[in-house]
Structure formats: C-alpha cells, structure tokens
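Participant: Take a look at structure-v3.pdb, PDB, C-alpha atoms:
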```
ATOM      1  CA  MET A   1     107.344 119.350  94.027
ATOM      2  CA  THR A   2     110.623 117.611  94.834
ATOM      3  CA  LEU A   3     111.076 114.815  97.347
ATOM      4  CA  ILE A   4     112.821 117.173  99.778
ATOM      5  CA  ASP A   5     109.687 119.387  99.828
ATOM      6  CA  LEU A   6     107.730 116.447 101.273
ATOM      7  CA  ALA A   7     110.150 116.392 104.192
ATOM      8  CA  ASN A   8     108.480 119.570 105.459
ATOM      9  CA  PRO A   9     105.578 118.491 107.766
ATOM     10  CA  SER A  10     103.326 121.407 106.662
ATOM     11  CA  ARG A  11     103.789 120.596 102.980
ATOM     12  CA  PHE A  12     103.317 116.902 103.714
ATOM     13  CA  SER A  13     100.004 117.668 105.490
ATOM     14  CA  ALA A  14      98.827 119.812 102.554
ATOM     15  CA  LEU A  15      99.697 117.031 100.092
ATOM     16  CA  THR A  16      97.922 114.469 102.304
ATOM     17  CA  ASP A  17      94.777 116.651 102.329
ATOM     18  CA  ARG A  18      94.722 116.533  98.524
ATOM     19  CA  LEU A  19      95.665 112.837  98.266
ATOM     20  CA  LEU A  20      93.371 111.259 100.876
ATOM     21  CA  PRO A  21      90.012 111.674  99.053
ATOM     22  CA  TRP A  22      91.466 109.957  95.959
ATOM     23  CA  LEU A  23      93.111 107.211  97.991
ATOM     24  CA  SER A  24      89.900 106.601 100.006
ATOM     25  CA  SER A  25      87.876 106.333  96.778
ATOM     26  CA  ALA A  26      90.399 103.922  95.246
ATOM     27  CA  THR A  27      90.276 101.819  98.446
ATOM     28  CA  LEU A  28      86.461 101.618  98.387
ATOM     29  CA  LEU A  29      86.434 100.675  94.681
ATOM     30  CA  ALA A  30      89.121  98.013  95.211
ATOM     31  CA  PHE A  31      87.164  96.533  98.136
ATOM     32  CA  ALA A  32      83.897  96.539  96.165
ATOM     33  CA  PHE A  33      85.606  94.625  93.345
ATOM     34  CA  GLY A  34      87.570  92.354  95.709
ATOM     35  CA  ILE A  35      84.558  91.382  97.844
ATOM     36  CA  SER A  36      82.460  90.648  94.752
ATOM     37  CA  GLN A  37      85.279  88.435  93.424
ATOM     38  CA  ALA A  38      85.607  86.713  96.809
ATOM     39  CA  TYR A  39      81.834  86.139  96.860
ATOM     40  CA  LEU A  40      81.939  84.536  93.402
ATOM     41  CA  ALA A  41      85.060  82.427  94.084
ATOM     42  CA  PRO A  42      84.382  78.674  94.188
ATOM     43  CA  ASP A  43      84.802  76.582  97.338
ATOM     44  CA  ASP A  44      88.154  74.846  97.770
ATOM     45  CA  TYR A  45      88.079  71.071  97.237
ATOM     46  CA  GLN A  46      89.543  70.476 100.717
ATOM     47  CA  GLN A  47      88.686  73.600 102.752
ATOM     48  CA  GLY A  48      85.185  74.094 101.342
ATOM     49  CA  ALA A  49      83.756  77.589 101.929
ATOM     50  CA  THR A  50      86.256  78.311 104.741
ATOM     51  CA  VAL A  51      88.686  79.326 101.967
ATOM     52  CA  LYS A  52      86.776  82.650 102.026
ATOM     53  CA  ILE A  53      88.502  83.426 105.357
ATOM     54  CA  MET A  54      91.787  83.430 103.399
ATOM     55  CA  PHE A  55      90.646  86.543 101.503
ATOM     56  CA  ILE A  56      90.996  88.530 104.737
ATOM     57  CA  HIS A  57      93.546  86.419 106.635
ATOM     58  CA  VAL A  58      96.325  86.559 104.012
ATOM     59  CA  PRO A  59      96.088  90.361 103.390
ATOM     60  CA  ALA A  60      95.999  90.970 107.166
ATOM     61  CA  ALA A  61      99.149  88.840 107.598
ATOM     62  CA  TRP A  62     100.864  90.715 104.737
ATOM     63  CA  LEU A  63     100.041  94.105 106.272
ATOM     64  CA  GLY A  64     101.165  93.022 109.758
ATOM     65  CA  ILE A  65     104.589  92.268 108.262
ATOM     66  CA  PHE A  66     104.595  95.216 105.805
ATOM     67  CA  ALA A  67     103.904  97.733 108.588
ATOM     68  CA  TRP A  68     106.917  96.469 110.554
ATOM     69  CA  ILE A  69     109.140  96.681 107.440
ATOM     70  CA  LEU A  70     107.903 100.262 106.926
ATOM     71  CA  MET A  71     108.597 101.044 110.606
ATOM     72  CA  SER A  72     112.107  99.584 110.228
ATOM     73  CA  ALA A  73     112.811 101.819 107.209
ATOM     74  CA  ALA A  74     111.467 104.794 109.187
ATOM     75  CA  ALA A  75     113.647 103.760 112.152
ATOM     76  CA  LEU A  76     116.705 104.096 109.900
ATOM     77  CA  GLY A  77     115.427 107.555 108.910
ATOM     78  CA  THR A  78     115.204 108.436 112.595
ATOM     79  CA  LEU A  79     118.584 107.066 113.673
ATOM     80  CA  VAL A  80     120.678 107.922 110.589
ATOM     81  CA  TRP A  81     119.132 111.170 109.262
ATOM     82  CA  ARG A  82     117.219 112.213 112.431
ATOM     83  CA  HIS A  83     114.277 113.154 110.293
ATOM     84  CA  PRO A  84     111.105 114.154 112.207
ATOM     85  CA  LEU A  85     108.796 112.869 109.447
ATOM     86  CA  ALA A  86     110.408 109.418 109.820
ATOM     87  CA  ASP A  87     109.434 109.508 113.531
ATOM     88  CA  VAL A  88     105.889 110.471 112.543
ATOM     89  CA  ALA A  89     105.672 107.643 109.968
ATOM     90  CA  ALA A  90     106.917 105.037 112.464
ATOM     91  CA  LYS A  91     104.606 106.158 115.281
ATOM     92  CA  ALA A  92     101.535 106.299 113.000
ATOM     93  CA  ALA A  93     102.203 102.824 111.543
ATOM     94  CA  ALA A  94     102.463 100.967 114.888
ATOM     95  CA  PRO A  95      98.752 100.856 115.925
ATOM     96  CA  ILE A  96      97.679 100.088 112.343
ATOM     97  CA  GLY A  97     100.205  97.251 112.060
ATOM     98  CA  ALA A  98      99.071  95.922 115.450
ATOM     99  CA  ALA A  99      95.418  95.979 114.330
ATOM    100  CA  PHE A 100      96.156  94.019 111.143
ATOM    101  CA  THR A 101      98.306  91.509 113.042
ATOM    102  CA  LEU A 102      95.427  91.013 115.498
ATOM    103  CA  MET A 103      93.095  90.522 112.506
ATOM    104  CA  CYS A 104      95.513  87.900 111.142
ATOM    105  CA  LEU A 105      95.578  86.028 114.473
ATOM    106  CA  VAL A 106      91.787  86.139 114.980
ATOM    107  CA  THR A 107      90.859  85.098 111.425
ATOM    108  CA  GLY A 108      93.574  82.421 111.450
ATOM    109  CA  SER A 109      92.180  80.949 114.661
ATOM    110  CA  LEU A 110      88.654  80.968 113.232
ATOM    111  CA  TRP A 111      89.940  79.133 110.158
ATOM    112  CA  GLY A 112      92.023  76.709 112.252
ATOM    113  CA  ARG A 113      89.157  75.451 114.422
ATOM    114  CA  PRO A 114      87.169  73.785 111.591
ATOM    115  CA  MET A 115      90.269  72.847 109.507
ATOM    116  CA  TRP A 116      92.812  71.747 112.138
ATOM    117  CA  GLY A 117      90.405  70.995 114.965
ATOM    118  CA  THR A 118      91.939  73.675 117.205
ATOM    119  CA  TYR A 119      91.959  77.464 117.516
ATOM    120  CA  TRP A 120      95.633  77.574 118.435
ATOM    121  CA  VAL A 121      98.849  75.543 118.350
ATOM    122  CA  TRP A 122     102.275  76.712 119.492
ATOM    123  CA  ASP A 123     103.908  76.091 116.133
ATOM    124  CA  ALA A 124     106.623  78.357 114.728
ATOM    125  CA  ARG A 125     104.457  80.411 112.335
ATOM    126  CA  LEU A 126     101.647  81.127 114.788
ATOM    127  CA  THR A 127     104.032  81.823 117.669
ATOM    128  CA  SER A 128     106.254  84.172 115.625
ATOM    129  CA  VAL A 129     103.166  86.163 114.502
ATOM    130  CA  LEU A 130     102.004  86.357 118.142
ATOM    131  CA  VAL A 131     105.496  87.667 119.029
ATOM    132  CA  LEU A 132     105.087  90.292 116.258
ATOM    133  CA  PHE A 133     101.772  91.411 117.820
ATOM    134  CA  LEU A 134     103.374  91.657 121.281
ATOM    135  CA  MET A 135     106.270  93.668 119.817
ATOM    136  CA  TYR A 136     103.774  96.105 118.281
ATOM    137  CA  LEU A 137     102.225  96.551 121.736
ATOM    138  CA  GLY A 138     105.719  97.073 123.172
ATOM    139  CA  VAL A 139     106.563  99.797 120.628
ATOM    140  CA  ILE A 140     103.205 101.544 121.223
ATOM    141  CA  ALA A 141     103.817 101.413 124.986
ATOM    142  CA  LEU A 142     107.331 102.834 124.515
ATOM    143  CA  TRP A 143     106.007 105.772 122.471
ATOM    144  CA  ARG A 144     103.511 106.508 125.259
ATOM    145  CA  THR A 145     106.048 106.120 128.076
ATOM    146  CA  ILE A 146     108.510 108.821 126.946
ATOM    147  CA  ASP A 147     107.111 112.383 126.837
ATOM    148  CA  ASP A 148     109.739 113.897 124.525
ATOM    149  CA  PRO A 149     108.856 112.729 120.958
ATOM    150  CA  THR A 150     112.496 112.895 119.775
ATOM    151  CA  ARG A 151     113.762 110.684 122.614
ATOM    152  CA  ALA A 152     110.766 108.357 122.243
ATOM    153  CA  ALA A 153     111.454 108.071 118.490
ATOM    154  CA  ARG A 154     115.067 106.984 119.059
ATOM    155  CA  ALA A 155     114.123 104.379 121.673
ATOM    156  CA  ALA A 156     111.282 103.054 119.501
ATOM    157  CA  ALA A 157     113.587 102.970 116.458
ATOM    158  CA  VAL A 158     116.116 100.763 118.275
ATOM    159  CA  LEU A 159     113.347  98.412 119.472
ATOM    160  CA  THR A 160     111.869  98.304 115.943
ATOM    161  CA  LEU A 161     115.202  97.380 114.342
ATOM    162  CA  VAL A 162     115.816  94.661 116.948
ATOM    163  CA  GLY A 163     112.274  93.363 116.330
ATOM    164  CA  ALA A 164     112.905  93.259 112.565
ATOM    165  CA  ILE A 165     114.816  90.005 113.191
ATOM    166  CA  ASN A 166     111.378  88.407 113.638
ATOM    167  CA  ILE A 167     110.255  89.239 110.066
ATOM    168  CA  PRO A 168     112.408  86.616 108.241
ATOM    169  CA  ILE A 169     111.618  84.189 111.069
ATOM    170  CA  ILE A 170     107.874  84.603 110.310
ATOM    171  CA  LYS A 171     108.433  84.233 106.559
ATOM    172  CA  PHE A 172     110.693  81.166 106.703
ATOM    173  CA  SER A 173     109.274  79.518 109.856
ATOM    174  CA  VAL A 174     107.243  77.121 107.705
ATOM    175  CA  ASP A 175     110.433  76.034 105.882
ATOM    176  CA  TRP A 176     112.815  75.900 108.853
ATOM    177  CA  TRP A 177     110.522  73.986 111.210
ATOM    178  CA  ASN A 178     107.876  71.303 110.906
ATOM    179  CA  THR A 179     104.690  73.321 111.379
ATOM    180  CA  LEU A 180     100.954  72.720 111.177
ATOM    181  CA  HIS A 181     100.700  75.922 109.122
ATOM    182  CA  GLN A 182     100.933  75.250 105.378
ATOM    183  CA  PRO A 183     104.109  76.333 103.517
ATOM    184  CA  ALA A 184     104.232  79.444 101.314
ATOM    185  CA  SER A 185     101.666  79.202  98.527
ATOM    186  CA  VAL A 186     101.362  82.756  97.118
ATOM    187  CA  LEU A 187     104.941  84.120  97.006
ATOM    188  CA  ARG A 188     107.302  81.247  96.174
ATOM    189  CA  LEU A 189     110.097  80.639  93.696
ATOM    190  CA  GLY A 190     108.231  78.018  91.656
ATOM    191  CA  GLY A 191     105.143  80.241  91.300
ATOM    192  CA  SER A 192     101.878  80.191  93.204
ATOM    193  CA  THR A 193     100.268  76.834  93.987
ATOM    194  CA  ILE A 194      96.779  78.390  94.200
ATOM    195  CA  HIS A 195      94.231  77.921  91.407
ATOM    196  CA  PRO A 196      93.534  81.178  89.481
ATOM    197  CA  THR A 197      89.847  81.145  90.502
ATOM    198  CA  ILE A 198      90.988  81.719  94.096
ATOM    199  CA  LEU A 199      94.330  83.457  93.431
ATOM    200  CA  VAL A 200      92.781  86.369  91.445
ATOM    201  CA  PRO A 201      90.283  87.411  94.192
ATOM    202  CA  LEU A 202      93.067  86.992  96.748
ATOM    203  CA  ILE A 203      95.379  89.361  94.818
ATOM    204  CA  VAL A 204      92.553  91.903  94.396
ATOM    205  CA  MET A 205      91.904  91.771  98.168
ATOM    206  CA  LEU A 206      95.666  92.150  98.807
ATOM    207  CA  VAL A 207      95.628  95.340  96.694
ATOM    208  CA  ALA A 208      92.459  96.623  98.451
ATOM    209  CA  PHE A 209      93.913  96.007 101.942
ATOM    210  CA  THR A 210      97.212  97.652 100.951
ATOM    211  CA  LEU A 211      95.328 100.748  99.707
ATOM    212  CA  LEU A 212      93.380 100.750 103.008
ATOM    213  CA  PHE A 213      96.654 100.625 104.943
ATOM    214  CA  LEU A 214      98.129 103.524 102.938
ATOM    215  CA  THR A 215      94.953 105.601 103.475
ATOM    216  CA  LEU A 216      94.902 104.941 107.225
ATOM    217  CA  HIS A 217      98.637 105.508 107.548
ATOM    218  CA  LEU A 218      98.586 108.867 105.764
ATOM    219  CA  ALA A 219      95.586 109.997 107.856
ATOM    220  CA  ALA A 220      97.307 108.848 111.069
ATOM    221  CA  MET A 221     100.527 110.651 110.041
ATOM    222  CA  ARG A 222      98.548 113.869 109.470
ATOM    223  CA  ASN A 223      97.048 113.457 112.967
ATOM    224  CA  GLU A 224     100.491 112.911 114.471
ATOM    225  CA  ILE A 225     101.784 116.135 112.871
ATOM    226  CA  MET A 226      98.784 117.963 114.410
ATOM    227  CA  ARG A 227      99.513 116.337 117.808
ATOM    228  CA  ARG A 228     103.064 117.730 117.678
ATOM    229  CA  ARG A 229     101.705 121.205 116.881
ATOM    230  CA  VAL A 230      99.366 120.930 119.873
ATOM    231  CA  ARG A 231     102.329 119.910 122.051
ATOM    232  CA  THR A 232     104.406 122.867 120.793
ATOM    233  CA  MET A 233     101.543 125.279 121.529
ATOM    234  CA  MET A 234     101.056 123.808 125.017
ATOM    235  CA  MET A 235     104.746 124.435 125.730
ATOM    236  CA  MET A 236     104.484 127.988 124.333
ATOM    237  CA  ARG A 237     101.502 128.669 126.600
ATOM    238  CA  ALA A 238     103.394 127.262 129.588
ATOM    239  CA  ASP A 239     106.436 129.460 128.748
ATOM    240  CA  ALA A 240     104.357 132.619 128.181
ATOM    241  CA  PRO A 241     104.712 135.222 130.972
ATOM    242  CA  ALA A 242     101.707 135.452 133.286
ATOM    243  CA  GLY A 243      99.403 138.407 132.714
ATOM    244  CA  PRO A 244      99.031 141.358 135.166
TER     245      PRO A 244
ATOM    246  CA  MET B   1      71.678  83.322  99.209
ATOM    247  CA  MET B   2      75.270  82.082  99.490
ATOM    248  CA  ASN B   3      75.694  78.627 101.026
ATOM    249  CA  LEU B   4      78.680  78.733 103.383
ATOM    250  CA  GLY B   5      78.378  75.076 104.385
ATOM    251  CA  PRO B   6      78.770  73.569 107.861
ATOM    252  CA  HIS B   7      81.374  76.141 108.970
ATOM    253  CA  ALA B   8      79.332  79.252 108.167
ATOM    254  CA  ALA B   9      79.553  80.551 111.760
ATOM    255  CA  PHE B  10      83.383  80.623 111.604
ATOM    256  CA  ILE B  11      83.397  82.403 108.226
ATOM    257  CA  VAL B  12      80.823  85.019 109.280
ATOM    258  CA  THR B  13      82.607  85.617 112.623
ATOM    259  CA  ALA B  14      85.939  86.120 110.815
ATOM    260  CA  TYR B  15      84.428  88.750 108.485
ATOM    261  CA  VAL B  16      82.600  90.482 111.374
ATOM    262  CA  ALA B  17      85.865  90.601 113.371
ATOM    263  CA  ALA B  18      87.750  92.068 110.377
ATOM    264  CA  ILE B  19      85.044  94.724 109.833
ATOM    265  CA  ALA B  20      85.053  95.582 113.571
ATOM    266  CA  ILE B  21      88.856  96.009 113.612
ATOM    267  CA  VAL B  22      88.849  98.242 110.499
ATOM    268  CA  ALA B  23      85.886 100.265 111.878
ATOM    269  CA  ALA B  24      87.748 100.756 115.184
ATOM    270  CA  LEU B  25      90.844 101.994 113.293
ATOM    271  CA  VAL B  26      88.807 104.431 111.168
ATOM    272  CA  ALA B  27      86.887 105.700 114.239
ATOM    273  CA  TRP B  28      90.151 106.206 116.176
ATOM    274  CA  ILE B  29      91.668 108.270 113.338
ATOM    275  CA  VAL B  30      88.499 110.357 112.749
ATOM    276  CA  PHE B  31      87.876 111.125 116.463
ATOM    277  CA  ASP B  32      91.576 111.802 117.074
ATOM    278  CA  ARG B  33      91.591 114.341 114.215
ATOM    279  CA  ARG B  34      88.450 116.069 115.557
ATOM    280  CA  HIS B  35      89.919 116.250 119.072
ATOM    281  CA  LEU B  36      93.231 117.677 117.795
ATOM    282  CA  SER B  37      91.478 120.192 115.516
ATOM    283  CA  ARG B  38      89.420 121.460 118.471
ATOM    284  CA  MET B  39      92.583 121.865 120.553
ATOM    285  CA  LEU B  40      94.399 123.765 117.771
ATOM    286  CA  ASP B  41      91.350 126.034 117.305
ATOM    287  CA  ALA B  42      91.271 126.717 121.060
ATOM    288  CA  PHE B  43      94.956 127.713 121.039
ATOM    289  CA  GLU B  44      94.443 130.023 118.076
ATOM    290  CA  ALA B  45      91.456 131.616 119.841
ATOM    291  CA  GLN B  46      93.806 132.329 122.771
ATOM    292  CA  GLY B  47      96.226 134.049 120.355
ATOM    293  CA  ILE B  48      98.851 131.313 120.563
ATOM    294  CA  SER B  49     100.405 130.497 117.205
ATOM    295  CA  ARG B  50     103.609 128.856 116.040
ATOM    296  CA  ARG B  51     106.621 130.954 115.008
ATOM    297  CA  SER B  52     106.237 129.886 111.357
ATOM    298  CA  GLU B  53     102.588 131.067 111.334
ATOM    299  CA  ARG B  54     103.498 134.390 112.973
ATOM    300  CA  ALA B  55     106.241 134.886 110.362
ATOM    301  CA  ASN B  56     103.724 134.267 107.567
ATOM    302  CA  GLU B  57     101.291 136.803 109.081
ATOM    303  CA  GLU B  58     104.058 139.406 109.403
ATOM    304  CA  THR B  59     105.089 138.855 105.776
ATOM    305  CA  LEU B  60     101.496 139.354 104.628
TER     306      LEU B  60
END
```
What is this structure when it is put down as structure tokens?
Facilitator:
Amino acid sequence: MTLIDLANPSRFSALTDRLLPWLSSATLLAFAFGISQAYLAPDDYQQGATVKIMFIHVPAAWLGIFAWILMSAAALGTLVWRHPLADVAAKAAAPIGAAFTLMCLVTGSLWGRPMWGTYWVWDARLTSVLVLFLMYLGVIALWRTIDDPTRAARAAAVLTLVGAINIPIIKFSVDWWNTLHQPASVLRLGGSTIHPTILVPLIVMLVAFTLLFLTLHLAAMRNEIMRRRVRTMMMMRADAPAGP
Amino acid sequence: MMNLGPHAAFIVTAYVAAIAIVAALVAWIVFDRRHLSRMLDAFEAQGISRRSERANEETL
C-alpha cells in the first residue's frame, strides 16, 4: 500500500480497523509498565511524593502542544492541497488536544498548591497554556458553527495556523520571562537535569500517553469519516424525489 | 501500601482527574461510533447508499 492509497478515506478506515486493536494493546502494555515504574520511583528530595504528579502532568503538557502541531500540519494540508483527510485529522485532534491541555492545567494546579502555595499564578507559562486551552475551545466552536465541512475546515485551518504562534511562546516562556514555573528540564541542549530514577519512568509514561493519543486520534478520525458519510446520505435523502 | 506523605490528597486527586478525563474521551469516541453506526445502518435499511457503494454493487 502506497502513501497515496491512505489518502482515500475508505482505505484509511479499513487500515484503521486493522491497526487499532494492536495500537490499543500497545497503549495498555505501555501504561502498565509506566505506572509500575512510576509507583516504584523514589520521592524527590525537594518535592517529596508530589513528583508522582509529574508522571501525568508532563505527558499531558506534551500532548497538548503536540496535538496543536499536528493540527497545524493538517491545516497546511487543508489550505495548500485541499485534502479532505487533512480536514478530518485536524477536526478529530482538537477535542483530544483540549482534553490533554485541561489535564495539564488541572494536574499542574494540584501540584502547585503544595509546592508553590497556590493553585494558580498569572505567569507566562501557565497563562500561555491557558491561552492554548481557550484556542482549542475556539477551534472546536468554529467547527460546530459552520455546517459545510469544507468551509469549516478552511476557517479552522486559518485559526489553527494563527494559534501556532503560541507554541514557541509556551516552550520558551520560561526562558524569555521570569516565571514561577521551572525552566526546561527534560528537553534541553545540555541534556536532562532529572535523575535517571525519575527520568526513566517519565519517558515511559511519555511513550504510553503518546500511544494513547495516537489510538484516540485514529478512532476519532474513523468516526469523523463516518459522520461525513451520514451527512452525505442525509443530503441524498433530502434530494430524493418524494414518493407517490 | 504506598506512603504518599502529607500531600497525598493532591496526588490522588491529580490521578483521579487524569483517569476521568481519559475515560470521558474514550466514552465519547465509543458512543459516537455506536450512534453513527446506527444512523448508517438506518440509511442502508431505507435503501440509501453512496454512489461508490452502488458502483461496487453494480460491478459485482
């Protein structure tokens, strides 16, 4: 099967049917291993056991950003190549990205209360992630506002590409401004500053969450293709001549 | 039993919130698929099918 074959929604759905059971199993196995590693990880010398929140907070933050990057790539597919599967990918990713961004905000607040003494501060990192969450809600609302999926896709693609400006702001906010949020500690030029006993479970959880995202995204894309078939059939029924 | 220290409530709440969000996502996708499948079945029962499906039937 060539890459161009995947561009056909029916073939994509058939491939997804075959792929999803394997991807779901891999996700469950990765989570079983990741959670056991997180359970066995030692307490941090400063954070104590609250470091365990990081095993869900960091992957959630990564997926909140990753989903927007994926939507931005799909937006280019919509605007440049006008590909319907790019529209489907972008629309399916928005609610999943929003959910993981919400998870990042909630778990971050629950970590912040015992560590910083507050659930929330208006610093650059926290505020830019909140803006990302609001932009997800905006894109979802835009998709629901416009009935015609092709027109909705173009409008959402423009909004997504404008919103992509926020992604480097989130990443570098801790370097550009003086924030309460700690600077980058996993992905940085000088290597990670995290001890391997905590870094290894964190990386395993990052892999598990990424597999979960891919599973949910493929399943949501398959649903979106079905939704478009339902819409086509509704229009065919409306166009059909009335019986005697 | 794992000792989560003085901030156990925050840690447990964070994990419960994460599980609830993932469960909501999975439930949304599963129920959405069931709803759409029922609608497609209803259309097929009414004899409405897409052009590509009709073409396949005619070929067969």
Participant: What residues in chain B have any atom no more than 6 Å from chain A when counting all atoms listed in the file, and can you write them as a list of chain:residue names?
Facilitator: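 Therefore, the residues near the partner are B:Leu4, B:Phe10, B:Ile11, B:Ala14, B:Ala18, B:Arg33.
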Participant: Between atom CA of Pro9 of chain A and atom CA of Ala90 of chain A, what distance in Å does the model show, to one decimal?
Facilitator: 14.3 Å
Participant: Atom CA of Ala32 of chain A and atom CA of Met2 of chain B are how many Å apart?
Facilitator: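 Interatomic distance, atom CA of Ala32 of chain A to atom CA of Met2 of chain B: 17.2 Å.
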Participant: So how far away is atom CA of Trp22 of chain A from atom CA of Gly34 of chain A, in Å?
Facilitator: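 Rounded to one decimal, the two atoms are 18.0 Å apart.
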Participant: Would you kindly return, as a count of residues only, each protein, DNA or RNA residue with an atom no farther than 9 Å from any atom of Thr78 of chain A, considering all atoms listed in the file and excluding same-chain residues fewer than 2 positions away?
Facilitator: 17
Participant: Give me the residues within 9 Å of Ile198 of chain A as a list in words, counting all atoms listed in the file and dropping any in the same chain fewer than 3 places off.
Facilitator: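 The filter keeps Gln37, Ala38, Ala41, Pro42, Asp43, Asp44, Val51, Phe55, Ile194, His195, Pro201, Leu202 and Ile203 of chain A.
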Participant: So that all listed atoms of segment 173-192 of chain A fit with 8 Å spare on each side, what axis-aligned box centre and edge lengths in Å, to one decimal, would you give as AutoDock Vina command-line options?
Facilitator:
```
--center_x 106.8 --center_y 77.7 --center_z 101.3 --size_x 28.1 --size_y 28.8 --size_z 36.1
```
Participant: Let me know the residues the PyMOL selection byres ((chain A and resi 171) around 12) catches in the file above, as a PyMOL selection string.
Facilitator: chain A and resi 61-62+64-66+124-126+128-129+132+164-170+172-177+181-188
Participant: The PyMOL selection byres ((chain A and resi 29) around 12) on the file shown: which residues, as a list in words?
Facilitator: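 Answer for the PyMOL selection byres ((chain A and resi 29) around 12): Trp22, Leu23, Ser24, Ser25, Ala26, Thr27, Leu28, Ala30, Phe31, Ala32, Phe33, Gly34, Ile35, Ser36, Val204, Met205, Val207, Ala208, Phe209, Leu211 and Leu212 of chain A.
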Participant: Go ahead and write the selection's residues with C-alpha atoms as a PDB file, keeping the file's coordinate frame.
Facilitator:
```pdb
ATOM      1  CA  TRP A  22      91.466 109.957  95.959  1.00  0.00           C
ATOM      2  CA  LEU A  23      93.111 107.211  97.991  1.00  0.00           C
ATOM      3  CA  SER A  24      89.900 106.601 100.006  1.00  0.00           C
ATOM      4  CA  SER A  25      87.876 106.333  96.778  1.00  0.00           C
ATOM      5  CA  ALA A  26      90.399 103.922  95.246  1.00  0.00           C
ATOM      6  CA  THR A  27      90.276 101.819  98.446  1.00  0.00           C
ATOM      7  CA  LEU A  28      86.461 101.618  98.387  1.00  0.00           C
ATOM      8  CA  ALA A  30      89.121  98.013  95.211  1.00  0.00           C
ATOM      9  CA  PHE A  31      87.164  96.533  98.136  1.00  0.00           C
ATOM     10  CA  ALA A  32      83.897  96.539  96.165  1.00  0.00           C
ATOM     11  CA  PHE A  33      85.606  94.625  93.345  1.00  0.00           C
ATOM     12  CA  GLY A  34      87.570  92.354  95.709  1.00  0.00           C
ATOM     13  CA  ILE A  35      84.558  91.382  97.844  1.00  0.00           C
ATOM     14  CA  SER A  36      82.460  90.648  94.752  1.00  0.00           C
ATOM     15  CA  VAL A 204      92.553  91.903  94.396  1.00  0.00           C
ATOM     16  CA  MET A 205      91.904  91.771  98.168  1.00  0.00           C
ATOM     17  CA  VAL A 207      95.628  95.340  96.694  1.00  0.00           C
ATOM     18  CA  ALA A 208      92.459  96.623  98.451  1.00  0.00           C
ATOM     19  CA  PHE A 209      93.913  96.007 101.942  1.00  0.00           C
ATOM     20  CA  LEU A 211      95.328 100.748  99.707  1.00  0.00           C
ATOM     21  CA  LEU A 212      93.380 100.750 103.008  1.00  0.00           C
TER      22      LEU A 212
END
```
